[in-house]
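**Q** Before I ask anything, let me first share the structure, which is written out below as structure tokens.
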Amino acid sequence: MECGGPLTKSCRLLLLLLLLLPPHNYQGWALRQIPPTQGIQDPPAVHLSNGPGQEPVSIMTFNLTKITKSSSSFEFRTWDPEGVIFYGDTNPRDDWFVLGLRDGRPEIQMHNRWAQLTVGAGPRLDDGRWHQVEVKIFGDSVLLGVDKEEVLHLRQVSGPLVKKPEPIMRIALGGLLFPASDLRLPAQISVSASTNLRNCTIESQPGIFFPPGTRAEFSLQDIPQPNVEPWAFSLDLGLQLAAGSGPLLALGTPENTSWFSLHLQDQKVVLSHGSGPGLDLPLVLGLPLQLKLDVSRVLLSQGPNKKILALPPEGLGSLLNLWTHPQGRLFLGAFPGEASSASFCLDGLWAQDQRLDMDRALSRSQDIWTHSCPQSPGNGTNTTH
């Protein structure tokens, strides 16, 4: 948007921030600003992220009587295929606009007196590369450009800004100002309001990154179920980076997180059952870490290396009860109330050979990077500033 008078400088700065994208939920969104007087060489960059929640990272308001033209350009990168970039309205009932990603491609939803529509266009943008995006309102049209190419031109969908019944426009970054169910086509929007900033100049790669002290949990009833005859369950972790010491994974309940657990310790993985002694396996980064449970034992393997933990006879009943318990959980990362220096990156997590989506966890820490990892764990341990 371009503004006149004494508001020009601050308005341009704010509007260049309009399209900051947090992690869906939305850890993996980063934006690099392009000030009107600069080229794109070494521009400032910032990353906004929130925990799993539909609440916006930031809300701004603009007086439409001070704005004569509407346009915004920015560069951003993400590994996340779905989420809200920004929401804008003058009235949440009958005059609103949403820009986001669905299946990695830009999508516009809008509802006003001239048009009610949902349309997607353009290339996939969830490849971790910087992409330049531009949104313009020109006359009665809305134009969307990606990497200097126009990918969408919507005609007869808008009217003059100065003729809006309500002169105040709200812009919400990374979230909505009404229930997600009010969207024309529901989007995957997660559920917490915490936000943070981090330096998005850190080089990243696809994956899931757990900084020290972070955790996530899945209900055992929400993930693929064990085989029945004979009873068996498997977990596979694509462990790419690991540092420090602390919990990696556990099966249990919120009251008892140590029914079965894996800990990182001195570049080893320690397998434990209850309070009994553990078995350790030297960690080889880059090779899948596999867990296979049956009624009598737990097999931990990575490449040619294997460790077997025998379960006591009474272990079968508690194992089966864990899956039927309404509070049965798969825990990842730090345990509640316990200090942990462990950080790690997964390039995937599979239960029964089916990939688990971290965005669908029952709960998770806001600082988890759900779709990317730093190139080395030390680069991502300080996620806020």
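Naming scheme: A, B, ... for chains in displayed order of the structure tokens; residues 1 onward per chain; ligands 1 onward as shown.
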Per DSSP on the backbone, filter region 70-204 of chain A down to the residues in strand (DSSP E or B) and report them as a ChimeraX atom specification.
**A** /A:70-77,83-91,95-102,105-111,116-120,131-138,141-146,149-154,168-173,191,195-198,204
**Q** CA of Leu235 (chain A) and CA of Trp350 (chain A) are how many Å apart?
**A**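 Answer for the CA of Leu235 (chain A) to CA of Trp350 (chain A) separation: 5.6 Å.
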**Q** Go through A:Tyr87, A:Ala216, A:Asp182, A:Gln205 one by one, measure the shortest atom-to-atom distance of each to Asp357 (chain A) using only C-alpha atoms, and give the residue with the smallest value.
**A** A:Ala216
**Q** If we count only C-alpha atoms, what is near region 309-311 of chain A at a cut-off of 8 Å, once residues fewer than 5 positions away on the same chain are taken out, given as a VMD selection string?
**A** chain A and resid 271 to 273 279 295 to 299 316
